[in-house]
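Presented below is the structure to which this report refers.
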Protein chains: 2
Amino acid sequence: MSEPLPAGPSIRRIPDGDDRERLVCPDCGYVSYENPKIVVGSVALWDGLILLCRRAIPPRDGFWTLPAGYLETGESTEAGAVREAWEEARARIEIETLLAVYNIPRISQVQLIYRSKLTSSEIAPGPESREVGLFRWDDIPWDDIAFPSVHWALGHHAETREAAEFPPRVNPPGETGDF
Amino acid sequence: MSEPLPAGPSIRRIPDGDDRERLVCPDCGYVSYENPKIVVGSVALWDGLILLCRRAIPPRDGFWTLPAGYLETGESTEAGAVREAWEEARARIEIETLLAVYNIPRISQVQLIYRSKLTSSEIAPGPESREVGLFRWDDIPWDDIAFPSVHWALGHHAETREAAEFPPRVNPPGETGDF
């Protein structure tokens with residue numbers, strides 16, 4: 001790639017009538033209202049086993065995560081979690097209940113993590129996964145988990161696995177999702 | 001304003017390595033990844049009365065709504081709901097529990113609506129409200145509610161008002177939030 005990337009909205013200033021800085025493009029003047037991003041995913045279960053995906057892309061390439069990713073426009077949160085399971089692990093899932101709502105304000109991320117069940121044990125790595133697996137609790141690769149919120153979700157799943165209905169869990173006390 | 005507004009990212013095409021159309025700026029080439037927006041707000045209570053705000057801005061100028069609005073970057077969902085109560089109704093609130101997660105995919109909106117309590121009955125319209133009020137259930141201006149999701153949240157509040165813990169409600173069956 002020899003062509004320079006366009007700057008896009010990259011200058012911070014307060015637009016007229018606003019009360020905080022926004023990103024403005026130095027080339028064309030467009031004001032970009034940055035929005036927090038919604039991550040949707042699930043703790044996906046097959047006969048008590050937990051689906052994990054070993055990442056093939058940064059950040060945390062090579063580490064294990066839940067099937068989860070950015071919600072797309074025009075998509076419900078449940079549909080997004082179903083799509084992510086397919087894209088990352090070629091897994092077909094059904095959403096059961098909302099397990100957790102995590103906030104990671106440093107990176108402006110809100111995560112909605114569901115509990116789901118696989119409708120088949122057939123899984124295979126999608127383009128963003130090196131490998132995928134169905135893990136017994138004791139076999140989870142605890143030392144190679146990609147993100148703090150994956151640890152949280154696995155712990156919150158263990159706490160709530162016997163419950164049909166419960167309020168969704170939130171960040172553990174004092175934890176902000178940073179490493 | 002005699003200066004034309006910049007176009008910004010306004011042309012749809014599939015960027016290299018992507019699998020769906022994104023908005024690209026015709027002037028500078030910047031690719032904008034549109035993200036769904038997160039709305040945060042609450043059913044805010046004072047001694048059983050419900051805080052409502054009569055909108056002073058479009059859409060639905062003049063109609064009544066809950067204190068709610070877009071989550072800002074770097075902000076947790078609970079902090080956003082607290083901020084919105086202040087901005088729209090000069091109300092100080094404490095978040096109690098997550099009442100509902102609504103999806104309105106047509107406008108790419110995910111709404112997180114909490115139950116909260118006012119810590120004082122002092123309220124006053126903020127710049128985006130014509131007036132604000134604390135309503136008994138029977139006095140709610142049902143014919144002048146701004147959005148379907150406000151109806152949903154009020155109904156879900158009534159269903160859950162005696163419960164300390166419960167799974168958050170979702171869209172009523174078949175409802176997508178459109179008028």
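Note on naming: chains are A, B, ... as they come in the structure tokens, residues start from 1 per chain, ligands start from 1 in the order shown.
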Using the chain letters and numbers from this document, which residues of region 23-157 of chain B does DSSP assign to helix (DSSP H, G or I), as an NGL selection string? :B and (77-89 or 105-107 or 137-139 or 142-144 or 148-157)
How would the residues just picked look written out with N, CA and C atoms as a short mmCIF file (atom, residue, chain, number, x, y, z; two decimals), in the first residue's frame?
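Saved result, part-v4.cif, follows:
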data_model
loop_
_atom_site.label_atom_id
_atom_site.label_comp_id
_atom_site.auth_asym_id
_atom_site.auth_seq_id
_atom_site.Cartn_x
_atom_site.Cartn_y
_atom_site.Cartn_z
N THR B 77 -22.60 2.66 31.02
CA THR B 77 -24.03 2.78 30.76
C THR B 77 -24.77 3.38 31.97
N GLU B 78 -24.35 2.99 33.17
CA GLU B 78 -25.00 3.54 34.36
C GLU B 78 -24.70 5.04 34.48
N ALA B 79 -23.46 5.42 34.25
CA ALA B 79 -23.09 6.84 34.32
C ALA B 79 -23.84 7.64 33.26
N GLY B 80 -24.04 7.05 32.10
CA GLY B 80 -24.79 7.74 31.05
C GLY B 80 -26.24 7.98 31.45
N ALA B 81 -26.85 6.99 32.08
CA ALA B 81 -28.25 7.16 32.51
C ALA B 81 -28.35 8.24 33.59
N VAL B 82 -27.37 8.30 34.48
CA VAL B 82 -27.34 9.35 35.51
C VAL B 82 -27.18 10.73 34.86
N ARG B 83 -26.27 10.82 33.88
CA ARG B 83 -26.05 12.09 33.19
C ARG B 83 -27.31 12.56 32.46
N GLU B 84 -27.97 11.65 31.79
CA GLU B 84 -29.17 12.04 31.04
C GLU B 84 -30.27 12.57 31.97
N ALA B 85 -30.42 11.98 33.14
CA ALA B 85 -31.43 12.48 34.08
C ALA B 85 -31.10 13.91 34.51
N TRP B 86 -29.81 14.19 34.65
CA TRP B 86 -29.40 15.54 35.00
C TRP B 86 -29.62 16.49 33.83
N GLU B 87 -29.16 16.08 32.64
CA GLU B 87 -29.24 16.98 31.48
C GLU B 87 -30.68 17.31 31.11
N GLU B 88 -31.55 16.34 31.19
CA GLU B 88 -32.91 16.54 30.69
C GLU B 88 -33.87 17.01 31.76
N ALA B 89 -33.58 16.70 33.02
CA ALA B 89 -34.56 17.02 34.08
C ALA B 89 -33.92 17.58 35.33
N PRO B 105 -33.71 -2.26 15.56
CA PRO B 105 -32.70 -2.42 14.49
C PRO B 105 -32.90 -1.49 13.30
N ARG B 106 -34.13 -1.08 13.02
CA ARG B 106 -34.34 -0.20 11.87
C ARG B 106 -33.50 1.07 11.99
N ILE B 107 -33.35 1.56 13.21
CA ILE B 107 -32.52 2.75 13.40
C ILE B 107 -31.24 2.39 14.15
N TRP B 137 -49.16 7.00 38.20
CA TRP B 137 -49.44 6.13 37.06
C TRP B 137 -50.65 6.61 36.26
N ASP B 138 -51.74 6.93 36.98
CA ASP B 138 -52.98 7.29 36.29
C ASP B 138 -52.91 8.67 35.64
N ASP B 139 -51.92 9.44 36.02
CA ASP B 139 -51.80 10.80 35.46
C ASP B 139 -50.80 10.87 34.31
N TRP B 142 -50.66 9.42 28.60
CA TRP B 142 -50.52 8.24 27.74
C TRP B 142 -50.70 8.56 26.26
N ASP B 143 -51.50 9.56 25.95
CA ASP B 143 -51.74 9.88 24.54
C ASP B 143 -50.62 10.73 23.93
N ASP B 144 -49.72 11.17 24.76
CA ASP B 144 -48.67 12.06 24.28
C ASP B 144 -47.27 11.54 24.62
N PRO B 148 -42.53 4.39 21.11
CA PRO B 148 -43.04 3.08 21.57
C PRO B 148 -42.24 2.52 22.75
N SER B 149 -40.92 2.69 22.73
CA SER B 149 -40.12 2.09 23.80
C SER B 149 -40.38 2.74 25.16
N VAL B 150 -40.91 3.97 25.15
CA VAL B 150 -41.30 4.58 26.43
C VAL B 150 -42.52 3.86 26.99
N HIS B 151 -43.46 3.54 26.11
CA HIS B 151 -44.61 2.72 26.55
C HIS B 151 -44.13 1.38 27.11
N TRP B 152 -43.22 0.74 26.37
CA TRP B 152 -42.72 -0.57 26.83
C TRP B 152 -42.10 -0.46 28.23
N ALA B 153 -41.24 0.55 28.39
CA ALA B 153 -40.51 0.68 29.65
C ALA B 153 -41.47 0.95 30.81
N LEU B 154 -42.48 1.76 30.56
CA LEU B 154 -43.44 2.05 31.63
C LEU B 154 -44.21 0.77 31.99
N GLY B 155 -44.61 0.01 30.98
CA GLY B 155 -45.31 -1.25 31.25
C GLY B 155 -44.42 -2.25 31.97
N HIS B 156 -43.18 -2.34 31.53
CA HIS B 156 -42.25 -3.28 32.18
C HIS B 156 -41.91 -2.85 33.60
N HIS B 157 -41.88 -1.55 33.81
CA HIS B 157 -41.71 -1.07 35.18
C HIS B 157 -42.88 -1.52 36.06
#
Run DSSP on the backbone and give me the residues of region 10-172 of chain A it puts in strand (DSSP E), as a PDB file with N, CA, C and O atoms, in the first residue's frame.
ATOM      1  N   ILE A  11      -9.220  15.676  13.874  1.00  0.00           N
ATOM      2  CA  ILE A  11      -8.916  16.877  14.663  1.00  0.00           C
ATOM      3  C   ILE A  11     -10.017  17.054  15.703  1.00  0.00           C
ATOM      4  O   ILE A  11     -11.196  16.952  15.374  1.00  0.00           O
ATOM      5  N   ARG A  12      -9.626  17.322  16.953  1.00  0.00           N
ATOM      6  CA  ARG A  12     -10.634  17.478  18.008  1.00  0.00           C
ATOM      7  C   ARG A  12     -11.004  18.947  18.191  1.00  0.00           C
ATOM      8  O   ARG A  12     -10.146  19.769  18.480  1.00  0.00           O
ATOM      9  N   ARG A  13     -12.287  19.259  18.018  1.00  0.00           N
ATOM     10  CA  ARG A  13     -12.768  20.577  18.437  1.00  0.00           C
ATOM     11  C   ARG A  13     -14.249  20.498  18.782  1.00  0.00           C
ATOM     12  O   ARG A  13     -14.930  19.529  18.462  1.00  0.00           O
ATOM     13  N   ARG A  22     -15.462  16.920  19.475  1.00  0.00           N
ATOM     14  CA  ARG A  22     -15.766  15.839  18.539  1.00  0.00           C
ATOM     15  C   ARG A  22     -14.622  15.756  17.543  1.00  0.00           C
ATOM     16  O   ARG A  22     -13.842  16.700  17.390  1.00  0.00           O
ATOM     17  N   LEU A  23     -14.570  14.654  16.810  1.00  0.00           N
ATOM     18  CA  LEU A  23     -13.551  14.495  15.776  1.00  0.00           C
ATOM     19  C   LEU A  23     -14.038  15.146  14.488  1.00  0.00           C
ATOM     20  O   LEU A  23     -15.143  14.871  14.015  1.00  0.00           O
ATOM     21  N   VAL A  24     -13.200  16.006  13.919  1.00  0.00           N
ATOM     22  CA  VAL A  24     -13.529  16.712  12.687  1.00  0.00           C
ATOM     23  C   VAL A  24     -12.455  16.366  11.656  1.00  0.00           C
ATOM     24  O   VAL A  24     -11.270  16.256  11.981  1.00  0.00           O
ATOM     25  N   VAL A  31     -17.995  16.420  10.688  1.00  0.00           N
ATOM     26  CA  VAL A  31     -17.958  16.151  12.132  1.00  0.00           C
ATOM     27  C   VAL A  31     -18.396  14.709  12.376  1.00  0.00           C
ATOM     28  O   VAL A  31     -19.491  14.308  11.986  1.00  0.00           O
ATOM     29  N   SER A  32     -17.541  13.941  13.007  1.00  0.00           N
ATOM     30  CA  SER A  32     -17.871  12.553  13.323  1.00  0.00           C
ATOM     31  C   SER A  32     -18.267  12.454  14.789  1.00  0.00           C
ATOM     32  O   SER A  32     -17.477  12.779  15.666  1.00  0.00           O
ATOM     33  N   LYS A  37     -19.003   1.444  21.200  1.00  0.00           N
ATOM     34  CA  LYS A  37     -19.268   0.258  20.386  1.00  0.00           C
ATOM     35  C   LYS A  37     -19.914  -0.826  21.243  1.00  0.00           C
ATOM     36  O   LYS A  37     -19.593  -0.983  22.410  1.00  0.00           O
ATOM     37  N   ILE A  38     -20.807  -1.563  20.619  1.00  0.00           N
ATOM     38  CA  ILE A  38     -21.494  -2.659  21.293  1.00  0.00           C
ATOM     39  C   ILE A  38     -20.882  -3.975  20.837  1.00  0.00           C
ATOM     40  O   ILE A  38     -20.857  -4.270  19.642  1.00  0.00           O
ATOM     41  N   VAL A  39     -20.391  -4.736  21.788  1.00  0.00           N
ATOM     42  CA  VAL A  39     -19.904  -6.084  21.515  1.00  0.00           C
ATOM     43  C   VAL A  39     -20.981  -7.068  21.966  1.00  0.00           C
ATOM     44  O   VAL A  39     -21.531  -6.932  23.064  1.00  0.00           O
ATOM     45  N   VAL A  40     -21.297  -8.013  21.090  1.00  0.00           N
ATOM     46  CA  VAL A  40     -22.279  -9.041  21.431  1.00  0.00           C
ATOM     47  C   VAL A  40     -21.628 -10.411  21.277  1.00  0.00           C
ATOM     48  O   VAL A  40     -20.819 -10.637  20.379  1.00  0.00           O
ATOM     49  N   GLY A  41     -21.982 -11.300  22.181  1.00  0.00           N
ATOM     50  CA  GLY A  41     -21.403 -12.635  22.119  1.00  0.00           C
ATOM     51  C   GLY A  41     -22.104 -13.537  23.110  1.00  0.00           C
ATOM     52  O   GLY A  41     -23.117 -13.154  23.698  1.00  0.00           O
ATOM     53  N   SER A  42     -21.554 -14.729  23.285  1.00  0.00           N
ATOM     54  CA  SER A  42     -22.217 -15.645  24.212  1.00  0.00           C
ATOM     55  C   SER A  42     -21.265 -16.670  24.785  1.00  0.00           C
ATOM     56  O   SER A  42     -20.213 -16.971  24.220  1.00  0.00           O
ATOM     57  N   VAL A  43     -21.649 -17.167  25.943  1.00  0.00           N
ATOM     58  CA  VAL A  43     -21.102 -18.411  26.464  1.00  0.00           C
ATOM     59  C   VAL A  43     -21.986 -19.494  25.874  1.00  0.00           C
ATOM     60  O   VAL A  43     -23.155 -19.625  26.248  1.00  0.00           O
ATOM     61  N   ALA A  44     -21.432 -20.193  24.889  1.00  0.00           N
ATOM     62  CA  ALA A  44     -22.221 -21.146  24.089  1.00  0.00           C
ATOM     63  C   ALA A  44     -21.919 -22.564  24.564  1.00  0.00           C
ATOM     64  O   ALA A  44     -20.748 -22.961  24.641  1.00  0.00           O
ATOM     65  N   LEU A  45     -22.969 -23.299  24.871  1.00  0.00           N
ATOM     66  CA  LEU A  45     -22.826 -24.584  25.558  1.00  0.00           C
ATOM     67  C   LEU A  45     -23.296 -25.747  24.702  1.00  0.00           C
ATOM     68  O   LEU A  45     -24.305 -25.654  24.010  1.00  0.00           O
ATOM     69  N   TRP A  46     -22.545 -26.839  24.804  1.00  0.00           N
ATOM     70  CA  TRP A  46     -22.966 -28.119  24.216  1.00  0.00           C
ATOM     71  C   TRP A  46     -22.777 -29.177  25.285  1.00  0.00           C
ATOM     72  O   TRP A  46     -21.652 -29.508  25.633  1.00  0.00           O
ATOM     73  N   LEU A  49     -20.291 -28.424  27.839  1.00  0.00           N
ATOM     74  CA  LEU A  49     -18.993 -27.969  27.329  1.00  0.00           C
ATOM     75  C   LEU A  49     -19.123 -26.538  26.816  1.00  0.00           C
ATOM     76  O   LEU A  49     -20.179 -26.137  26.332  1.00  0.00           O
ATOM     77  N   ILE A  50     -18.034 -25.783  26.911  1.00  0.00           N
ATOM     78  CA  ILE A  50     -18.051 -24.359  26.565  1.00  0.00           C
ATOM     79  C   ILE A  50     -17.246 -24.122  25.285  1.00  0.00           C
ATOM     80  O   ILE A  50     -16.088 -24.551  25.178  1.00  0.00           O
ATOM     81  N   LEU A  51     -17.868 -23.423  24.356  1.00  0.00           N
ATOM     82  CA  LEU A  51     -17.221 -23.123  23.074  1.00  0.00           C
ATOM     83  C   LEU A  51     -16.235 -21.967  23.229  1.00  0.00           C
ATOM     84  O   LEU A  51     -16.600 -20.879  23.677  1.00  0.00           O
ATOM     85  N   LEU A  52     -14.992 -22.211  22.856  1.00  0.00           N
ATOM     86  CA  LEU A  52     -13.987 -21.146  22.834  1.00  0.00           C
ATOM     87  C   LEU A  52     -13.305 -21.128  21.473  1.00  0.00           C
ATOM     88  O   LEU A  52     -13.230 -22.152  20.783  1.00  0.00           O
ATOM     89  N   CYS A  53     -12.817 -19.945  21.118  1.00  0.00           N
ATOM     90  CA  CYS A  53     -12.180 -19.731  19.823  1.00  0.00           C
ATOM     91  C   CYS A  53     -10.787 -19.160  20.070  1.00  0.00           C
ATOM     92  O   CYS A  53     -10.640 -18.212  20.844  1.00  0.00           O
ATOM     93  N   ARG A  54      -9.795 -19.710  19.376  1.00  0.00           N
ATOM     94  CA  ARG A  54      -8.431 -19.169  19.496  1.00  0.00           C
ATOM     95  C   ARG A  54      -8.242 -18.146  18.389  1.00  0.00           C
ATOM     96  O   ARG A  54      -8.331 -18.471  17.198  1.00  0.00           O
ATOM     97  N   ARG A  55      -7.979 -16.908  18.780  1.00  0.00           N
ATOM     98  CA  ARG A  55      -7.991 -15.793  17.846  1.00  0.00           C
ATOM     99  C   ARG A  55      -6.871 -15.891  16.806  1.00  0.00           C
ATOM    100  O   ARG A  55      -5.742 -16.248  17.126  1.00  0.00           O
ATOM    101  N   TRP A  64      -7.380 -17.313  23.592  1.00  0.00           N
ATOM    102  CA  TRP A  64      -8.731 -17.886  23.518  1.00  0.00           C
ATOM    103  C   TRP A  64      -9.797 -16.895  23.969  1.00  0.00           C
ATOM    104  O   TRP A  64      -9.611 -16.172  24.946  1.00  0.00           O
ATOM    105  N   THR A  65     -10.913 -16.928  23.268  1.00  0.00           N
ATOM    106  CA  THR A  65     -11.992 -15.987  23.581  1.00  0.00           C
ATOM    107  C   THR A  65     -13.340 -16.651  23.356  1.00  0.00           C
ATOM    108  O   THR A  65     -13.428 -17.757  22.811  1.00  0.00           O
ATOM    109  N   ALA A  68     -17.644 -13.627  19.918  1.00  0.00           N
ATOM    110  CA  ALA A  68     -18.196 -12.296  20.205  1.00  0.00           C
ATOM    111  C   ALA A  68     -17.561 -11.297  19.256  1.00  0.00           C
ATOM    112  O   ALA A  68     -16.448 -11.518  18.773  1.00  0.00           O
ATOM    113  N   GLY A  69     -18.275 -10.220  19.005  1.00  0.00           N
ATOM    114  CA  GLY A  69     -17.718  -9.186  18.141  1.00  0.00           C
ATOM    115  C   GLY A  69     -18.658  -8.006  18.061  1.00  0.00           C
ATOM    116  O   GLY A  69     -19.680  -7.963  18.764  1.00  0.00           O
ATOM    117  N   TYR A  70     -18.348  -7.059  17.199  1.00  0.00           N
ATOM    118  CA  TYR A  70     -19.125  -5.834  17.123  1.00  0.00           C
ATOM    119  C   TYR A  70     -20.498  -6.072  16.511  1.00  0.00           C
ATOM    120  O   TYR A  70     -20.619  -6.712  15.467  1.00  0.00           O
ATOM    121  N   ILE A  93     -26.195 -21.538  17.097  1.00  0.00           N
ATOM    122  CA  ILE A  93     -26.608 -21.426  18.505  1.00  0.00           C
ATOM    123  C   ILE A  93     -28.021 -20.869  18.622  1.00  0.00           C
ATOM    124  O   ILE A  93     -28.544 -20.239  17.691  1.00  0.00           O
ATOM    125  N   GLU A  94     -28.608 -21.114  19.784  1.00  0.00           N
ATOM    126  CA  GLU A  94     -29.861 -20.463  20.177  1.00  0.00           C
ATOM    127  C   GLU A  94     -29.602 -19.680  21.460  1.00  0.00           C
ATOM    128  O   GLU A  94     -29.026 -20.223  22.409  1.00  0.00           O
ATOM    129  N   ILE A  95     -30.045 -18.421  21.453  1.00  0.00           N
ATOM    130  CA  ILE A  95     -29.852 -17.574  22.631  1.00  0.00           C
ATOM    131  C   ILE A  95     -30.791 -18.026  23.749  1.00  0.00           C
ATOM    132  O   ILE A  95     -31.968 -18.286  23.510  1.00  0.00           O
ATOM    133  N   GLU A  96     -30.276 -18.129  24.964  1.00  0.00           N
ATOM    134  CA  GLU A  96     -31.126 -18.504  26.105  1.00  0.00           C
ATOM    135  C   GLU A  96     -31.460 -17.310  26.993  1.00  0.00           C
ATOM    136  O   GLU A  96     -32.621 -17.026  27.228  1.00  0.00           O
ATOM    137  N   THR A  97     -30.454 -16.620  27.483  1.00  0.00           N
ATOM    138  CA  THR A  97     -30.724 -15.500  28.395  1.00  0.00           C
ATOM    139  C   THR A  97     -29.528 -14.556  28.409  1.00  0.00           C
ATOM    140  O   THR A  97     -28.438 -14.919  27.963  1.00  0.00           O
ATOM    141  N   LEU A  98     -29.751 -13.343  28.895  1.00  0.00           N
ATOM    142  CA  LEU A  98     -28.661 -12.366  28.975  1.00  0.00           C
ATOM    143  C   LEU A  98     -27.839 -12.649  30.218  1.00  0.00           C
ATOM    144  O   LEU A  98     -28.340 -12.526  31.344  1.00  0.00           O
ATOM    145  N   LEU A  99     -26.593 -13.031  30.012  1.00  0.00           N
ATOM    146  CA  LEU A  99     -25.709 -13.369  31.133  1.00  0.00           C
ATOM    147  C   LEU A  99     -25.112 -12.132  31.777  1.00  0.00           C
ATOM    148  O   LEU A  99     -25.008 -12.054  33.009  1.00  0.00           O
ATOM    149  N   ALA A 100     -24.696 -11.156  30.968  1.00  0.00           N
ATOM    150  CA  ALA A 100     -23.936 -10.040  31.540  1.00  0.00           C
ATOM    151  C   ALA A 100     -23.957  -8.817  30.632  1.00  0.00           C
ATOM    152  O   ALA A 100     -24.088  -8.938  29.409  1.00  0.00           O
ATOM    153  N   VAL A 101     -23.838  -7.665  31.275  1.00  0.00           N
ATOM    154  CA  VAL A 101     -23.599  -6.395  30.581  1.00  0.00           C
ATOM    155  C   VAL A 101     -22.321  -5.829  31.176  1.00  0.00           C
ATOM    156  O   VAL A 101     -22.287  -5.461  32.358  1.00  0.00           O
ATOM    157  N   TYR A 102     -21.261  -5.808  30.387  1.00  0.00           N
ATOM    158  CA  TYR A 102     -19.987  -5.290  30.869  1.00  0.00           C
ATOM    159  C   TYR A 102     -19.694  -3.938  30.227  1.00  0.00           C
ATOM    160  O   TYR A 102     -19.979  -3.730  29.040  1.00  0.00           O
ATOM    161  N   ASN A 103     -19.124  -3.055  31.018  1.00  0.00           N
ATOM    162  CA  ASN A 103     -18.709  -1.743  30.532  1.00  0.00           C
ATOM    163  C   ASN A 103     -17.196  -1.646  30.554  1.00  0.00           C
ATOM    164  O   ASN A 103     -16.574  -1.896  31.595  1.00  0.00           O
ATOM    165  N   ILE A 104     -16.611  -1.264  29.422  1.00  0.00           N
ATOM    166  CA  ILE A 104     -15.167  -1.027  29.355  1.00  0.00           C
ATOM    167  C   ILE A 104     -14.983   0.377  28.805  1.00  0.00           C
ATOM    168  O   ILE A 104     -14.660   0.579  27.629  1.00  0.00           O
ATOM    169  N   GLN A 109     -16.569   0.628  25.175  1.00  0.00           N
ATOM    170  CA  GLN A 109     -17.200  -0.623  24.758  1.00  0.00           C
ATOM    171  C   GLN A 109     -18.239  -1.059  25.783  1.00  0.00           C
ATOM    172  O   GLN A 109     -17.979  -1.030  26.986  1.00  0.00           O
ATOM    173  N   VAL A 110     -19.391  -1.439  25.267  1.00  0.00           N
ATOM    174  CA  VAL A 110     -20.417  -2.078  26.089  1.00  0.00           C
ATOM    175  C   VAL A 110     -20.595  -3.486  25.537  1.00  0.00           C
ATOM    176  O   VAL A 110     -20.813  -3.664  24.340  1.00  0.00           O
ATOM    177  N   GLN A 111     -20.459  -4.458  26.399  1.00  0.00           N
ATOM    178  CA  GLN A 111     -20.560  -5.855  25.969  1.00  0.00           C
ATOM    179  C   GLN A 111     -21.842  -6.473  26.510  1.00  0.00           C
ATOM    180  O   GLN A 111     -22.099  -6.419  27.715  1.00  0.00           O
ATOM    181  N   LEU A 112     -22.623  -7.053  25.598  1.00  0.00           N
ATOM    182  CA  LEU A 112     -23.798  -7.828  26.005  1.00  0.00           C
ATOM    183  C   LEU A 112     -23.480  -9.292  25.733  1.00  0.00           C
ATOM    184  O   LEU A 112     -23.345  -9.701  24.575  1.00  0.00           O
ATOM    185  N   ILE A 113     -23.319 -10.061  26.795  1.00  0.00           N
ATOM    186  CA  ILE A 113     -22.934 -11.465  26.674  1.00  0.00           C
ATOM    187  C   ILE A 113     -24.110 -12.343  27.108  1.00  0.00           C
ATOM    188  O   ILE A 113     -24.606 -12.220  28.227  1.00  0.00           O
ATOM    189  N   TYR A 114     -24.541 -13.178  26.194  1.00  0.00           N
ATOM    190  CA  TYR A 114     -25.672 -14.067  26.447  1.00  0.00           C
ATOM    191  C   TYR A 114     -25.180 -15.456  26.859  1.00  0.00           C
ATOM    192  O   TYR A 114     -24.017 -15.813  26.649  1.00  0.00           O
ATOM    193  N   ARG A 115     -26.088 -16.241  27.423  1.00  0.00           N
ATOM    194  CA  ARG A 115     -25.880 -17.682  27.505  1.00  0.00           C
ATOM    195  C   ARG A 115     -26.633 -18.288  26.335  1.00  0.00           C
ATOM    196  O   ARG A 115     -27.780 -17.909  26.083  1.00  0.00           O
ATOM    197  N   SER A 116     -25.970 -19.176  25.601  1.00  0.00           N
ATOM    198  CA  SER A 116     -26.627 -19.794  24.450  1.00  0.00           C
ATOM    199  C   SER A 116     -26.347 -21.288  24.455  1.00  0.00           C
ATOM    200  O   SER A 116     -25.490 -21.774  25.208  1.00  0.00           O
ATOM    201  N   LYS A 117     -27.079 -22.011  23.631  1.00  0.00           N
ATOM    202  CA  LYS A 117     -26.755 -23.430  23.468  1.00  0.00           C
ATOM    203  C   LYS A 117     -26.554 -23.739  21.998  1.00  0.00           C
ATOM    204  O   LYS A 117     -27.249 -23.201  21.122  1.00  0.00           O
ATOM    205  N   LEU A 118     -25.577 -24.593  21.742  1.00  0.00           N
ATOM    206  CA  LEU A 118     -25.353 -25.056  20.378  1.00  0.00           C
ATOM    207  C   LEU A 118     -26.467 -26.015  19.989  1.00  0.00           C
ATOM    208  O   LEU A 118     -26.930 -26.811  20.813  1.00  0.00           O
ATOM    209  N   SER A 129     -10.464 -17.154  13.372  1.00  0.00           N
ATOM    210  CA  SER A 129     -10.076 -18.090  14.439  1.00  0.00           C
ATOM    211  C   SER A 129      -9.003 -19.057  13.934  1.00  0.00           C
ATOM    212  O   SER A 129      -9.094 -19.576  12.821  1.00  0.00           O
ATOM    213  N   ARG A 130      -8.002 -19.331  14.779  1.00  0.00           N
ATOM    214  CA  ARG A 130      -7.001 -20.353  14.457  1.00  0.00           C
ATOM    215  C   ARG A 130      -7.568 -21.750  14.693  1.00  0.00           C
ATOM    216  O   ARG A 130      -7.299 -22.674  13.951  1.00  0.00           O
ATOM    217  N   GLU A 131      -8.282 -21.894  15.800  1.00  0.00           N
ATOM    218  CA  GLU A 131      -8.932 -23.164  16.106  1.00  0.00           C
ATOM    219  C   GLU A 131     -10.094 -22.882  17.039  1.00  0.00           C
ATOM    220  O   GLU A 131     -10.187 -21.804  17.625  1.00  0.00           O
ATOM    221  N   VAL A 132     -10.970 -23.832  17.145  1.00  0.00           N
ATOM    222  CA  VAL A 132     -12.112 -23.700  18.051  1.00  0.00           C
ATOM    223  C   VAL A 132     -12.243 -25.014  18.820  1.00  0.00           C
ATOM    224  O   VAL A 132     -11.778 -26.057  18.358  1.00  0.00           O
ATOM    225  N   GLY A 133     -12.860 -24.946  19.991  1.00  0.00           N
ATOM    226  CA  GLY A 133     -12.999 -26.167  20.778  1.00  0.00           C
ATOM    227  C   GLY A 133     -14.141 -26.081  21.761  1.00  0.00           C
ATOM    228  O   GLY A 133     -14.592 -24.984  22.121  1.00  0.00           O
ATOM    229  N   LEU A 134     -14.587 -27.256  22.195  1.00  0.00           N
ATOM    230  CA  LEU A 134     -15.606 -27.365  23.244  1.00  0.00           C
ATOM    231  C   LEU A 134     -14.899 -27.877  24.491  1.00  0.00           C
ATOM    232  O   LEU A 134     -14.343 -28.975  24.489  1.00  0.00           O
ATOM    233  N   PHE A 135     -14.905 -27.063  25.539  1.00  0.00           N
ATOM    234  CA  PHE A 135     -14.055 -27.317  26.697  1.00  0.00           C
ATOM    235  C   PHE A 135     -14.849 -27.676  27.943  1.00  0.00           C
ATOM    236  O   PHE A 135     -15.822 -26.987  28.279  1.00  0.00           O
TER     237      PHE A 135
END
Pairwise distance for CA of Arg161 (chain A) and CA of Gly48 (chain A), rounded to one decimal in Å: 9.3 Å
Taking a cut-off of 6 Å and counting only C-alpha atoms, can you build a table that, for each residue of chain A near chain B, reports the nearest atom pair and how far apart they are in Å (one decimal), sorted by chain then residue number, as CSV?
residue,atom,partner,partner_atom,distance
A:Pro6,CA,B:Tyr30,CA,5.4
A:Gly8,CA,B:Tyr30,CA,4.9
A:Cys28,CA,B:Pro6,CA,5.9
A:Gly29,CA,B:Pro6,CA,5.8
A:Tyr30,CA,B:Gly8,CA,4.9
A:Asn35,CA,B:Thr73,CA,5.8
A:Pro36,CA,B:Thr73,CA,5.1
A:Thr73,CA,B:Ser108,CA,5.1
A:Gly74,CA,B:Pro105,CA,4.3
A:Glu75,CA,B:Pro105,CA,5.2
A:Ser76,CA,B:Asn103,CA,5.6
A:Asn103,CA,B:Ser76,CA,5.6
A:Pro105,CA,B:Gly74,CA,4.3
A:Arg106,CA,B:Gly74,CA,5.5
A:Ser108,CA,B:Gly74,CA,4.8
A:Glu165,CA,B:Pro167,CA,5.9
A:Phe166,CA,B:Pro167,CA,5.1
A:Pro167,CA,B:Pro167,CA,4.4
Interatomic distance, CA of Ala91 (chain A) to CA of Pro173 (chain B) (Å, one decimal): 26.0 Å
Calculate how many Å separate CA of Asp178 (chain A) from CA of Leu66 (chain A), rounding to one decimal.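 If I compute the distance from CA of Asp178 (chain A) to CA of Leu66 (chain A), I get 17.3 Å.
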